[in-house]
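As provided, my_file-v8.cif (mmCIF, C-alpha atoms and all ligand atoms) reads as follows.
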data_protein
loop_
_atom_site.label_atom_id
_atom_site.label_comp_id
_atom_site.auth_asym_id
_atom_site.auth_seq_id
_atom_site.Cartn_x
_atom_site.Cartn_y
_atom_site.Cartn_z
CA MET A 1 -19.28 -2.37 3.20
CA ILE A 2 -18.63 0.57 0.87
CA VAL A 3 -14.90 0.02 1.23
CA LYS A 4 -15.37 -3.64 0.24
CA ARG A 5 -17.40 -2.66 -2.88
CA VAL A 6 -14.80 -0.12 -3.90
CA LEU A 7 -12.09 -2.74 -3.48
CA ILE A 8 -14.04 -5.22 -5.64
CA LEU A 9 -14.57 -2.51 -8.29
CA VAL A 10 -10.87 -1.65 -8.29
CA ALA A 11 -10.00 -5.35 -8.60
CA VAL A 12 -12.43 -5.84 -11.53
CA LEU A 13 -11.13 -2.74 -13.29
CA GLY A 14 -7.60 -3.93 -12.70
CA LEU A 15 -8.42 -7.29 -14.26
CA CYS A 16 -9.91 -5.51 -17.28
CA PHE A 17 -6.71 -3.59 -17.81
CA VAL A 18 -4.65 -6.74 -17.54
CA ALA A 19 -6.94 -8.70 -19.84
CA VAL A 20 -7.41 -6.12 -22.61
CA PRO A 21 -4.77 -6.68 -25.26
CA ARG A 22 -3.51 -3.40 -26.63
CA PRO A 23 -3.50 -3.35 -30.44
CA ALA A 24 0.11 -3.36 -31.52
CA PHE A 25 1.32 -1.74 -34.71
CA ALA A 26 3.84 -4.44 -35.39
CA ALA A 27 3.75 -8.20 -35.83
CA PRO A 28 4.55 -10.66 -33.04
CA VAL A 29 7.24 -12.32 -35.18
CA GLU A 30 10.23 -11.17 -37.21
CA ASP A 31 8.90 -12.57 -40.48
CA GLU A 32 5.21 -13.39 -40.86
CA GLY A 33 5.75 -14.81 -44.34
CA ALA A 34 8.42 -17.34 -43.39
CA ASN A 35 6.28 -20.25 -44.62
CA CYS A 36 5.13 -18.62 -47.87
CA PRO A 37 5.89 -20.23 -51.24
CA ILE A 38 8.21 -18.18 -53.43
CA GLY A 39 7.09 -18.08 -57.05
CA GLN A 40 9.22 -19.37 -59.87
CA GLY A 41 10.00 -17.35 -62.95
CA THR A 42 12.10 -14.48 -64.16
CA VAL A 43 11.13 -10.87 -63.97
CA ALA A 44 11.87 -9.04 -67.25
CA ALA A 45 14.26 -6.10 -67.08
CA ASP A 46 12.37 -2.84 -66.75
CA SER A 47 13.69 0.70 -66.67
CA ARG A 48 10.62 1.67 -64.65
CA LEU A 49 9.59 0.51 -61.19
CA PRO A 50 8.38 -3.10 -61.10
CA ASP A 51 4.77 -3.52 -60.00
CA PRO A 52 4.82 -4.42 -56.29
CA PHE A 53 1.40 -6.04 -56.60
CA THR A 54 2.33 -8.56 -59.31
CA ARG A 55 3.67 -11.91 -58.13
CA ILE A 56 6.71 -13.57 -59.66
CA ASP A 57 4.38 -15.96 -61.52
CA GLY A 58 2.78 -12.97 -63.25
CA THR A 59 -0.58 -12.95 -61.42
CA ARG A 60 -1.70 -9.92 -59.46
CA ILE A 61 -2.76 -10.00 -55.84
CA THR A 62 -6.43 -9.21 -55.24
CA SER A 63 -6.90 -9.09 -51.46
CA ARG A 64 -5.09 -7.46 -48.57
CA SER A 65 -4.40 -10.84 -47.06
CA ASP A 66 -2.48 -11.75 -50.25
CA TRP A 67 0.12 -9.15 -49.32
CA ARG A 68 1.71 -11.37 -46.64
CA CYS A 69 3.04 -13.85 -49.20
CA ARG A 70 3.66 -11.25 -51.92
CA ARG A 71 5.81 -9.44 -49.37
CA ALA A 72 7.70 -12.69 -48.80
CA GLU A 73 8.59 -12.76 -52.51
CA ILE A 74 9.85 -9.18 -52.38
CA LYS A 75 11.86 -10.03 -49.27
CA ASP A 76 13.40 -13.02 -51.03
CA GLN A 77 14.36 -10.90 -54.05
CA ALA A 78 15.67 -8.09 -51.84
CA GLU A 79 17.98 -10.60 -50.16
CA ARG A 80 18.98 -12.35 -53.37
CA TYR A 81 19.77 -9.27 -55.46
CA VAL A 82 20.36 -6.36 -53.11
CA TYR A 83 21.26 -6.96 -49.47
CA GLY A 84 22.25 -10.61 -49.10
CA GLU A 85 20.55 -13.18 -46.91
CA LYS A 86 19.31 -12.42 -43.41
CA PRO A 87 19.51 -15.69 -41.47
CA ALA A 88 16.69 -16.53 -39.07
CA ARG A 89 17.25 -16.18 -35.33
CA PRO A 90 20.30 -18.25 -34.36
CA ALA A 91 19.92 -21.35 -32.20
CA SER A 92 20.87 -19.48 -29.03
CA VAL A 93 20.17 -15.85 -28.16
CA THR A 94 20.55 -14.75 -24.55
CA GLY A 95 21.21 -11.45 -22.85
CA THR A 96 20.24 -8.89 -20.27
CA VAL A 97 18.25 -5.66 -20.17
CA SER A 98 18.84 -3.05 -17.49
CA ARG A 99 17.96 0.61 -17.09
CA THR A 100 21.34 1.52 -18.59
CA GLY A 101 22.22 -1.18 -21.07
CA ILE A 102 21.50 -4.34 -23.04
CA THR A 103 23.83 -7.28 -23.65
CA VAL A 104 23.34 -9.82 -26.42
CA ASN A 105 25.00 -13.24 -26.74
CA VAL A 106 24.42 -15.31 -29.86
CA ALA A 107 25.59 -18.81 -30.73
CA GLU A 108 25.04 -21.29 -33.52
CA GLY A 109 26.91 -24.24 -34.94
CA GLY A 110 29.72 -24.01 -32.40
CA ARG A 111 30.35 -20.32 -33.10
CA SER A 112 29.44 -17.50 -30.75
CA ALA A 113 29.59 -13.71 -30.45
CA SER A 114 28.44 -10.93 -28.14
CA PHE A 115 27.65 -7.26 -28.42
CA SER A 116 25.96 -4.63 -26.27
CA ALA A 117 23.90 -1.44 -26.50
CA GLY A 118 23.26 1.56 -24.24
CA VAL A 119 19.86 2.45 -22.77
CA ASP A 120 18.75 5.99 -21.94
CA LEU A 121 15.29 6.11 -20.33
CA PRO A 122 12.84 9.01 -20.58
CA ALA A 123 11.10 10.51 -17.56
CA GLY A 124 8.43 8.35 -15.96
CA THR A 125 8.08 4.87 -14.60
CA GLY A 126 7.86 2.62 -17.65
CA PRO A 127 8.03 0.02 -19.05
CA PHE A 128 8.89 2.20 -22.03
CA PRO A 129 8.78 1.83 -25.77
CA ALA A 130 12.23 2.30 -27.29
CA VAL A 131 13.90 3.61 -30.42
CA VAL A 132 17.13 1.97 -31.52
CA VAL A 133 19.43 4.74 -32.71
CA ILE A 134 21.88 3.07 -35.06
CA GLY A 135 25.36 4.51 -34.74
CA GLY A 136 24.19 7.01 -32.11
CA PHE A 137 22.74 9.57 -34.51
CA GLY A 138 19.50 9.72 -36.40
CA ALA A 139 16.25 11.36 -35.44
CA ASP A 140 16.62 13.89 -32.59
CA THR A 141 17.17 11.82 -29.43
CA ALA A 142 15.97 14.56 -27.07
CA ALA A 143 12.70 14.72 -29.03
CA ILE A 144 12.40 10.92 -28.93
CA LYS A 145 12.72 10.90 -25.13
CA ALA A 146 10.40 13.86 -24.70
CA ALA A 147 7.79 11.92 -26.69
CA GLY A 148 7.99 9.09 -24.17
CA ALA A 149 10.36 6.55 -25.72
CA ALA A 150 13.69 5.31 -24.47
CA VAL A 151 16.78 5.53 -26.65
CA ILE A 152 18.80 2.39 -27.33
CA THR A 153 22.22 3.40 -28.63
CA TYR A 154 23.52 0.63 -30.84
CA ASP A 155 26.99 0.45 -32.36
CA PRO A 156 26.39 -1.40 -35.64
CA LEU A 157 30.10 -1.59 -36.38
CA ALA A 158 30.47 -4.22 -33.65
CA VAL A 159 28.11 -6.42 -35.69
CA GLY A 160 29.26 -5.50 -39.20
CA ARG A 161 32.53 -3.60 -39.48
CA GLU A 162 33.29 -0.98 -42.11
CA GLY A 163 36.62 -0.79 -43.87
CA THR A 164 36.92 -4.50 -44.60
CA PRO A 165 37.16 -6.13 -48.00
CA ARG A 166 34.10 -8.14 -49.07
CA THR A 167 36.11 -11.32 -48.77
CA ASN A 168 36.97 -10.72 -45.12
CA LYS A 169 33.94 -9.19 -43.45
CA GLN A 170 34.15 -8.76 -39.68
CA GLY A 171 31.88 -8.28 -36.67
CA ALA A 172 29.49 -10.39 -34.59
CA PHE A 173 27.36 -11.33 -37.62
CA TYR A 174 30.35 -12.63 -39.55
CA SER A 175 31.74 -14.42 -36.49
CA LEU A 176 28.62 -16.57 -36.77
CA TYR A 177 28.11 -16.75 -40.53
CA GLY A 178 31.67 -16.49 -41.82
CA ALA A 179 33.96 -13.69 -43.06
CA SER A 180 33.12 -14.55 -46.66
CA SER A 181 29.34 -14.38 -46.16
CA SER A 182 27.82 -12.58 -49.15
CA THR A 183 25.46 -10.63 -46.88
CA GLY A 184 26.23 -6.91 -46.79
CA ILE A 185 26.76 -5.07 -43.55
CA LEU A 186 23.42 -3.18 -43.69
CA LEU A 187 21.61 -6.47 -43.25
CA ALA A 188 24.17 -7.57 -40.64
CA TRP A 189 23.31 -4.40 -38.70
CA ALA A 190 19.60 -5.20 -39.13
CA TRP A 191 20.19 -8.73 -37.85
CA GLY A 192 21.84 -7.24 -34.75
CA VAL A 193 18.77 -5.11 -34.01
CA SER A 194 16.58 -8.20 -34.40
CA ARG A 195 18.69 -9.99 -31.81
CA ILE A 196 18.29 -6.99 -29.44
CA ILE A 197 14.51 -7.36 -29.87
CA ASP A 198 14.86 -11.11 -29.09
CA VAL A 199 16.53 -10.16 -25.80
CA LEU A 200 13.84 -7.55 -25.06
CA GLU A 201 11.22 -10.27 -25.56
CA GLN A 202 13.02 -12.63 -23.21
CA SER A 203 13.40 -9.92 -20.58
CA GLY A 204 9.70 -9.88 -19.86
CA GLY A 205 9.29 -6.23 -20.75
CA THR A 206 9.80 -4.78 -17.29
CA VAL A 207 12.15 -1.96 -18.36
CA LEU A 208 11.53 -1.78 -22.11
CA ARG A 209 8.45 -3.06 -23.93
CA ALA A 210 9.26 -5.64 -26.61
CA ASP A 211 6.19 -4.83 -28.71
CA ALA A 212 6.96 -1.14 -29.29
CA THR A 213 10.36 -0.80 -30.89
CA GLY A 214 11.34 1.86 -33.39
CA VAL A 215 14.54 2.36 -35.34
CA THR A 216 16.35 5.38 -36.70
CA GLY A 217 19.75 6.42 -38.01
CA CYS A 218 21.19 9.10 -40.27
CA SER A 219 23.25 8.79 -43.43
CA ARG A 220 24.91 5.35 -43.63
CA TYR A 221 22.99 4.55 -40.46
CA GLY A 222 19.85 5.79 -42.20
CA LYS A 223 20.49 3.12 -44.86
CA GLY A 224 20.75 0.68 -41.94
CA ALA A 225 17.56 1.95 -40.27
CA PHE A 226 15.60 1.50 -43.51
CA VAL A 227 16.80 -2.06 -44.02
CA THR A 228 16.29 -2.89 -40.33
CA GLY A 229 12.65 -1.79 -40.39
CA ALA A 230 11.99 -3.62 -43.65
CA PHE A 231 13.39 -6.94 -42.42
CA ASP A 232 11.84 -7.24 -38.95
CA GLN A 233 8.07 -7.00 -38.73
CA ARG A 234 8.28 -6.58 -34.97
CA ILE A 235 9.51 -3.02 -35.57
CA ALA A 236 6.56 -0.66 -35.20
CA LEU A 237 8.20 2.53 -36.46
CA THR A 238 11.04 3.04 -38.96
CA MET A 239 12.67 6.48 -39.32
CA PRO A 240 15.55 6.68 -41.82
CA VAL A 241 17.22 10.07 -42.07
CA GLU A 242 19.14 11.35 -45.13
CA SER A 243 20.01 7.79 -46.10
CA GLY A 244 21.19 8.40 -49.68
CA SER A 245 22.22 5.85 -52.29
CA GLY A 246 21.88 2.31 -50.93
CA GLY A 247 19.17 3.56 -48.56
CA THR A 248 15.69 4.77 -49.51
CA PRO A 249 16.33 6.26 -53.00
CA ILE A 250 15.17 4.15 -55.95
CA PHE A 251 18.19 2.50 -57.56
CA ARG A 252 16.76 3.19 -61.01
CA GLY A 253 16.66 6.93 -60.29
CA ILE A 254 20.25 7.36 -59.11
CA PRO A 255 22.02 7.37 -62.52
CA GLY A 256 19.75 10.18 -63.73
CA GLU A 257 19.87 12.26 -60.56
CA ASN A 258 22.57 14.86 -60.97
CA GLY A 259 25.28 14.60 -58.30
CA ALA A 260 23.75 11.59 -56.52
CA GLN A 261 26.18 9.02 -55.09
CA PRO A 262 26.57 6.52 -57.96
CA LEU A 263 25.47 2.94 -57.36
CA SER A 264 29.03 1.75 -57.97
CA SER A 265 30.18 4.07 -55.18
CA ALA A 266 27.45 2.92 -52.78
CA TYR A 267 28.51 -0.64 -53.56
CA GLY A 268 32.23 0.04 -53.34
CA GLU A 269 32.67 2.60 -50.56
CA GLN A 270 31.79 0.02 -47.91
CA PRO A 271 30.35 -3.50 -48.10
CA TRP A 272 26.94 -2.04 -47.22
CA LEU A 273 25.02 -3.92 -49.90
CA GLY A 274 25.25 -7.64 -50.57
CA ASP A 275 27.89 -9.00 -52.90
CA ALA A 276 25.22 -9.87 -55.51
CA PHE A 277 24.41 -6.19 -56.02
CA GLY A 278 27.77 -5.84 -57.78
CA SER A 279 26.14 -7.17 -60.97
CA TYR A 280 23.54 -4.39 -60.95
CA THR A 281 25.49 -1.20 -60.26
CA GLY A 282 25.50 -0.49 -64.00
CA ASN A 283 22.14 -2.11 -64.67
CA PRO A 284 19.51 -1.27 -62.04
CA ALA A 285 16.79 -1.96 -64.66
CA GLY A 286 17.74 -5.63 -64.30
CA LEU A 287 16.72 -5.71 -60.64
CA PRO A 288 13.33 -7.42 -60.12
CA ILE A 289 12.53 -4.97 -57.32
CA ASP A 290 13.43 -1.45 -56.27
CA THR A 291 13.32 0.40 -52.98
CA HIS A 292 9.65 1.39 -53.36
CA SER A 293 8.94 -2.31 -52.79
CA VAL A 294 11.26 -2.33 -49.77
CA VAL A 295 9.14 0.57 -48.46
CA GLY A 296 6.19 -1.74 -49.16
CA MET A 297 7.80 -4.40 -46.95
CA ILE A 298 7.37 -1.96 -44.04
CA ALA A 299 3.66 -1.36 -44.74
CA PRO A 300 1.34 -1.06 -42.87
CA ARG A 301 3.75 -0.34 -40.00
CA GLY A 302 4.81 3.21 -39.13
CA LEU A 303 7.36 4.83 -41.44
CA PHE A 304 8.72 8.37 -41.46
CA ILE A 305 11.36 9.07 -44.12
CA MET A 306 13.40 12.25 -43.67
CA ASP A 307 15.56 13.70 -46.44
CA ASN A 308 17.88 16.64 -47.10
CA PRO A 309 17.43 18.12 -50.60
CA HIS A 310 20.37 20.54 -50.26
CA ILE A 311 23.08 17.92 -50.79
CA ALA A 312 22.87 16.33 -54.24
CA TRP A 313 24.92 13.28 -53.10
CA LEU A 314 21.96 12.24 -50.88
CA ALA A 315 19.63 11.59 -53.85
CA ALA A 316 16.54 13.07 -52.20
CA ARG A 317 14.62 13.15 -55.50
CA SER A 318 14.99 9.38 -55.97
CA SER A 319 14.08 8.90 -52.34
CA SER A 320 10.84 10.83 -52.81
CA VAL A 321 9.93 8.48 -55.67
CA ALA A 322 10.52 5.46 -53.41
CA ALA A 323 8.27 7.00 -50.77
CA LEU A 324 5.53 7.83 -53.28
CA GLY A 325 5.74 4.37 -54.85
CA GLY A 326 5.79 2.60 -51.49
CA ALA A 327 2.88 4.75 -50.32
CA GLU A 328 0.79 2.98 -52.95
CA VAL A 329 1.25 -0.24 -50.98
CA TYR A 330 0.17 1.54 -47.79
CA ARG A 331 -2.88 2.87 -49.67
CA ALA A 332 -3.80 -0.54 -51.03
CA LEU A 333 -3.53 -2.02 -47.53
CA GLY A 334 -5.83 0.67 -46.14
CA ALA A 335 -3.16 2.45 -44.07
CA PRO A 336 -2.23 5.55 -46.12
CA GLU A 337 -1.57 7.65 -43.03
CA ALA A 338 1.08 5.28 -41.63
CA ILE A 339 3.76 6.57 -44.04
CA SER A 340 5.16 10.09 -43.89
CA TYR A 341 7.86 11.79 -45.92
CA TRP A 342 9.57 15.15 -45.34
CA SER A 343 12.36 16.78 -47.32
CA ASP A 344 11.22 20.41 -47.12
CA VAL A 345 13.90 21.59 -44.68
CA SER A 346 15.86 24.85 -44.55
CA ASP A 347 19.21 23.86 -43.01
CA GLY A 348 21.45 22.08 -45.51
CA THR A 349 23.76 20.59 -42.87
CA HIS A 350 23.94 16.80 -43.13
CA CYS A 351 22.28 15.03 -40.18
CA ALA A 352 21.34 18.31 -38.47
CA THR A 353 18.77 18.36 -35.68
CA ARG A 354 15.83 19.99 -37.45
CA SER A 355 12.92 21.86 -35.90
CA GLU A 356 10.75 21.01 -38.94
CA TRP A 357 10.82 17.32 -38.08
CA ARG A 358 10.16 17.59 -34.37
CA ALA A 359 6.32 17.58 -34.49
CA PRO A 360 5.87 14.75 -37.05
CA LEU A 361 8.62 12.75 -35.32
CA GLN A 362 6.97 13.03 -31.93
CA GLN A 363 3.52 12.36 -33.40
CA SER A 364 4.89 9.20 -35.04
CA ILE A 365 6.45 8.02 -31.78
CA GLN A 366 3.28 8.69 -29.86
CA ARG A 367 1.09 6.95 -32.40
CA PHE A 368 3.18 3.89 -33.21
CA LEU A 369 5.20 3.34 -30.03
CA VAL A 370 3.36 4.96 -27.12
CA GLY A 371 -0.06 4.26 -28.61
CA THR A 372 -1.73 7.66 -28.42
CA GLY A 373 -2.89 10.30 -30.91
CA SER A 374 -2.82 9.98 -34.67
CA ALA A 375 -0.12 9.50 -37.30
CA PRO A 376 1.17 12.62 -39.05
CA GLY A 377 0.38 11.13 -42.47
CA VAL A 378 2.23 13.96 -44.17
CA PHE A 379 4.16 14.29 -47.45
CA ARG A 380 6.23 17.50 -47.52
CA ILE A 381 8.41 17.14 -50.60
CA SER A 382 10.88 19.95 -51.29
CA SER A 383 10.58 21.49 -54.75
CA ARG A 384 14.39 21.15 -54.93
CA ALA A 385 14.10 17.36 -55.13
CA ALA A 386 10.58 16.41 -56.10
CA GLY A 387 10.26 13.12 -57.93
CA ASN A 388 7.28 12.26 -60.12
CA LEU A 389 5.96 8.75 -59.56
CA ALA A 390 3.93 8.86 -62.80
CA GLU A 391 7.19 8.92 -64.78
CA TRP A 392 8.32 5.78 -63.02
CA ARG A 393 5.40 3.40 -63.27
CA THR A 394 3.12 1.82 -65.80
CA TRP A 395 1.02 -0.06 -63.21
CA GLN A 396 -1.92 1.27 -61.29
CA THR A 397 -2.70 0.55 -57.66
CA PRO A 398 -5.31 -2.18 -57.27
CA THR A 399 -8.30 -1.94 -54.99
CA LEU A 400 -7.63 -4.92 -52.76
CA THR A 401 -10.55 -6.65 -51.12
CA ALA A 402 -10.59 -6.33 -47.36
CA GLY A 403 -8.73 -8.96 -45.40
CA THR A 404 -6.29 -8.83 -42.60
CA SER A 405 -3.79 -6.40 -44.07
CA SER A 406 -2.19 -5.55 -40.77
CA PRO A 407 -0.08 -8.11 -38.98
CA THR A 408 -1.88 -10.01 -36.23
CA PRO A 409 -2.02 -7.80 -33.16
CA SER A 410 0.21 -9.10 -30.40
CA VAL A 411 -0.56 -9.15 -26.72
CA PRO A 412 1.89 -6.81 -25.02
CA PRO A 413 3.82 -7.97 -22.01
CA SER A 414 2.77 -4.93 -20.02
CA ALA A 415 -0.72 -4.17 -18.84
CA SER A 416 -2.02 -0.77 -19.79
CA PRO A 417 -5.17 0.73 -21.28
CA SER A 418 -5.71 0.26 -24.96
CA PRO A 419 -5.03 3.20 -27.30
CA SER A 420 -6.71 4.05 -30.58
CA PRO A 421 -7.12 1.34 -33.22
CA SER A 422 -4.43 0.06 -35.52
CA PRO A 423 -3.61 2.12 -38.63
CA SER A 424 -5.18 -0.34 -41.00
CA SER A 425 -8.53 -0.61 -39.32
C1 LIG B 501 24.66 9.16 -46.92
O1 LIG B 501 25.51 8.22 -46.31
C2 LIG B 501 26.90 8.22 -46.50
C3 LIG B 501 27.27 8.26 -47.97
O2 LIG B 501 26.68 7.17 -48.64
C4 LIG B 501 28.78 8.21 -48.10
O3 LIG B 501 29.18 8.29 -49.45
C5 LIG B 501 29.41 9.32 -47.32
O4 LIG B 501 30.78 9.17 -47.37
O5 LIG B 501 29.02 9.23 -45.98
C6 LIG B 501 27.64 9.33 -45.74
C7 LIG B 501 27.54 9.21 -44.24
O6 LIG B 501 27.34 8.15 -43.70
O7 LIG B 501 27.81 10.33 -43.55
C8 LIG B 501 27.83 10.27 -42.16
#

Mind turning this structure into structure tokens?
Amino acid sequence: MIVKRVLILVAVLGLCFVAVPRPAFAAPVEDEGANCPIGQGTVAADSRLPDPFTRIDGTRITSRSDWRCRRAEIKDQAERYVYGEKPARPASVTGTVSRTGITVNVAEGGRSASFSAGVDLPAGTGPFPAVVVIGGFGADTAAIKAAGAAVITYDPLAVGREGTPRTNKQGAFYSLYGASSSTGILLAWAWGVSRIIDVLEQSGGTVLRADATGVTGCSRYGKGAFVTGAFDQRIALTMPVESGSGGTPIFRGIPGENGAQPLSSAYGEQPWLGDAFGSYTGNPAGLPIDTHSVVGMIAPRGLFIMDNPHIAWLAARSSSVAALGGAEVYRALGAPEAISYWSDVSDGTHCATRSEWRAPLQQSIQRFLVGTGSAPGVFRISSRAAGNLAEWRTWQTPTLTAGTSSPTPSVPPSASPSPSPSPSS
């Protein structure tokens, strides 16, 4: 009798665990604003940062739920003027996920391509959250695994090659969309990560969870990590490291930041940015957006920007302004703690593994990917490269009325107890 009751209790508890959806920190779809109208009008040139809260038609958003379609406008402008277009998921995406690797096959309009990625699981039984490490180096992979997430090692150059002229771009993305596509390779890399997430979704989440993906990368791959997180709302945690010009730093700040990689160099060294950016390398004030708004595209999802203030080329001061400006979007959406920034580091080596970042990195992974603990919510700006947001804006941050600021929580494929509430609640 007692045994029977215990069994019933276990079964009921089991059902509860299966039925309780765990709040996710990301959206269930790549782009929640895909059906939003894009305003008409021109944005006047401005040497300071455009107001992220003002629509193209000149009106200002008033509620948190307005952000979804305002974000869609920023995304449209980011594609049009900075990165090039990111096409929606192609007609066919198939692939496999194993404990050691992922394969991705894409096809559309009679063209096809394939690429693969490595998987390195942490200790435990899983299914695991995962961090895509673009180019194999970014945030400390040992620390990522120790925090409970798998590492997906992704070679972005198979999807968007470096060393090609803009007129003959190569890699899986360009096999589908053409060698003369005006999309830069950062967004091609981002598209590749999105297709990996498509395959994770199709896999049923037995090895890797599809609702708990992070992304990181250092240097040129930090530029890629930033763009990847901005352009796929399924990504719960974005961690660009020392990304430099073309990455997190505000474009408008680069010309005045001594020793920073010039915009013409970031545009010319590799086809990282879209072809359209070529008209703005000498005129960033003409851009209707800047990277603070791209940071805003990531809000209210987890973001941890890491910078190195010892190398002038990396433009850490302009990056701090982007983080401070983007943090205003997080604040307006009611999720100020979901963004962290850290440039106060002692070792000047580019892309070093840094002890200073270990705790906030692991806290971010646990909060946004594993689903435990709290976000670091820290801004540690080095005095060597401290930007001043007040010098860069004329707008003030609105108090938005409450609404659903965070993307709709998704039901995870795995069944596990629910963690603490979403960052925007
Ligand atoms: C910071 O990222 C780049 C930088 O933009 C380039 O100018 C330099 O050559 O390489 C950096 C990098 O990717 O280092 C690994």

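Ranking A:Ser293, A:Gln362, A:Ser265, A:Ser318 by their shortest atom-to-atom distance to ligand LIG 501 (chain B), with all atoms listed in the file included, puts A:Ser265 first.
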
Pro87 of chain A: which residues within 12 Å, counting all atoms listed in the file, same-chain residues fewer than 2 positions away excluded, as a PyMOL selection string? chain A and resi 30-31+34+76+79+83-85+89-91+108+173-174+176-177+181-183+187-188+190-192+194-195+231-232

Throw together the list of residues within 12 Å of ligand LIG 501 (chain B), counting only C-alpha atoms and all ligand atoms, and drop it here as an NGL selection string. :A and (134-138 or 162 or 186 or 217-225 or 240-249 or 259-273 or 307-308 or 311-316 or 319 or 349-352)

Considering all atoms listed in the file, can you say which of A:Val82, A:Ile298, A:Pro37, A:Ile56 comes closest to Cys69 of chain A?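 Of A:Val82, A:Ile298, A:Pro37, A:Ile56, the one nearest Cys69 of chain A, counting all atoms listed in the file, is A:Pro37.
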
Between A:Val151, A:Ile254, A:Leu333, A:Leu303, which has the minimum distance to Gly282 of chain A (counting only C-alpha atoms)? A:Ile254

Near-Gly387 of chain A list (7 Å; all atoms listed in the file; drop same-chain fewer than 5 positions) as a PDB file with C-alpha atoms, keeping the file's coordinate frame:
ATOM      1  CA  ARG A 317      14.620  13.150 -55.500  1.00  0.00           C
ATOM      2  CA  SER A 318      14.990   9.380 -55.970  1.00  0.00           C
ATOM      3  CA  SER A 320      10.840  10.830 -52.810  1.00  0.00           C
ATOM      4  CA  VAL A 321       9.930   8.480 -55.670  1.00  0.00           C
TER       5      VAL A 321
END

Distance in Å - atom CA of Tyr341 of chain A versus atom CA of Phe379 of chain A: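 So the two atoms, atom CA of Tyr341 of chain A and atom CA of Phe379 of chain A, lie 4.7 Å apart.
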
Nearest to Pro255 of chain A, chosen from A:Gly205, A:Pro284, A:Gly171, A:Gly163, with only C-alpha atoms counted in the distances: A:Pro284

What is the atom CA of Phe128 of chain A-atom CA of Val370 of chain A distance in Å, reported with one decimal? 8.0 Å

Point (-0.3, 8.7, -33.0), cut-off 12 Å, counting all atoms listed in the file, residues as a VMD selection string: chain A and resid 25 147 236 to 237 302 337 to 339 359 to 377 419 to 423

Between atom CA of Ile185 of chain A and atom CA of Ala26 of chain A, what is the distance, to one decimal in Å? 24.3 Å

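Proximity to Leu121 of chain A was assessed for A:Lys86, A:Gln40, A:Ala78, A:Arg209 counting all atoms listed in the file; the smallest distance is recorded for A:Arg209.
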
Expected answer as a VMD selection string: all residues with atoms within 9 Å of (7.1, -2.6, -47.9), only C-alpha atoms: chain A and resid 52 71 74 to 75 230 291 to 301 326 to 327 329 to 330

Nearby residues (all atoms listed in the file) at most 10 Å from Gly95 of chain A, same-chain spacing under 5 positions excluded, as a PDB file with C-alpha atoms, in the frame of the given file:
ATOM      1  CA  ILE A 102      21.500  -4.340 -23.040  1.00  0.00           C
ATOM      2  CA  THR A 103      23.830  -7.280 -23.650  1.00  0.00           C
ATOM      3  CA  VAL A 104      23.340  -9.820 -26.420  1.00  0.00           C
ATOM      4  CA  ASN A 105      25.000 -13.240 -26.740  1.00  0.00           C
ATOM      5  CA  VAL A 106      24.420 -15.310 -29.860  1.00  0.00           C
ATOM      6  CA  SER A 114      28.440 -10.930 -28.140  1.00  0.00           C
ATOM      7  CA  PHE A 115      27.650  -7.260 -28.420  1.00  0.00           C
ATOM      8  CA  SER A 116      25.960  -4.630 -26.270  1.00  0.00           C
ATOM      9  CA  ARG A 195      18.690  -9.990 -31.810  1.00  0.00           C
ATOM     10  CA  ILE A 196      18.290  -6.990 -29.440  1.00  0.00           C
ATOM     11  CA  ASP A 198      14.860 -11.110 -29.090  1.00  0.00           C
ATOM     12  CA  VAL A 199      16.530 -10.160 -25.800  1.00  0.00           C
ATOM     13  CA  LEU A 200      13.840  -7.550 -25.060  1.00  0.00           C
ATOM     14  CA  GLN A 202      13.020 -12.630 -23.210  1.00  0.00           C
ATOM     15  CA  SER A 203      13.400  -9.920 -20.580  1.00  0.00           C
TER      16      SER A 203
END
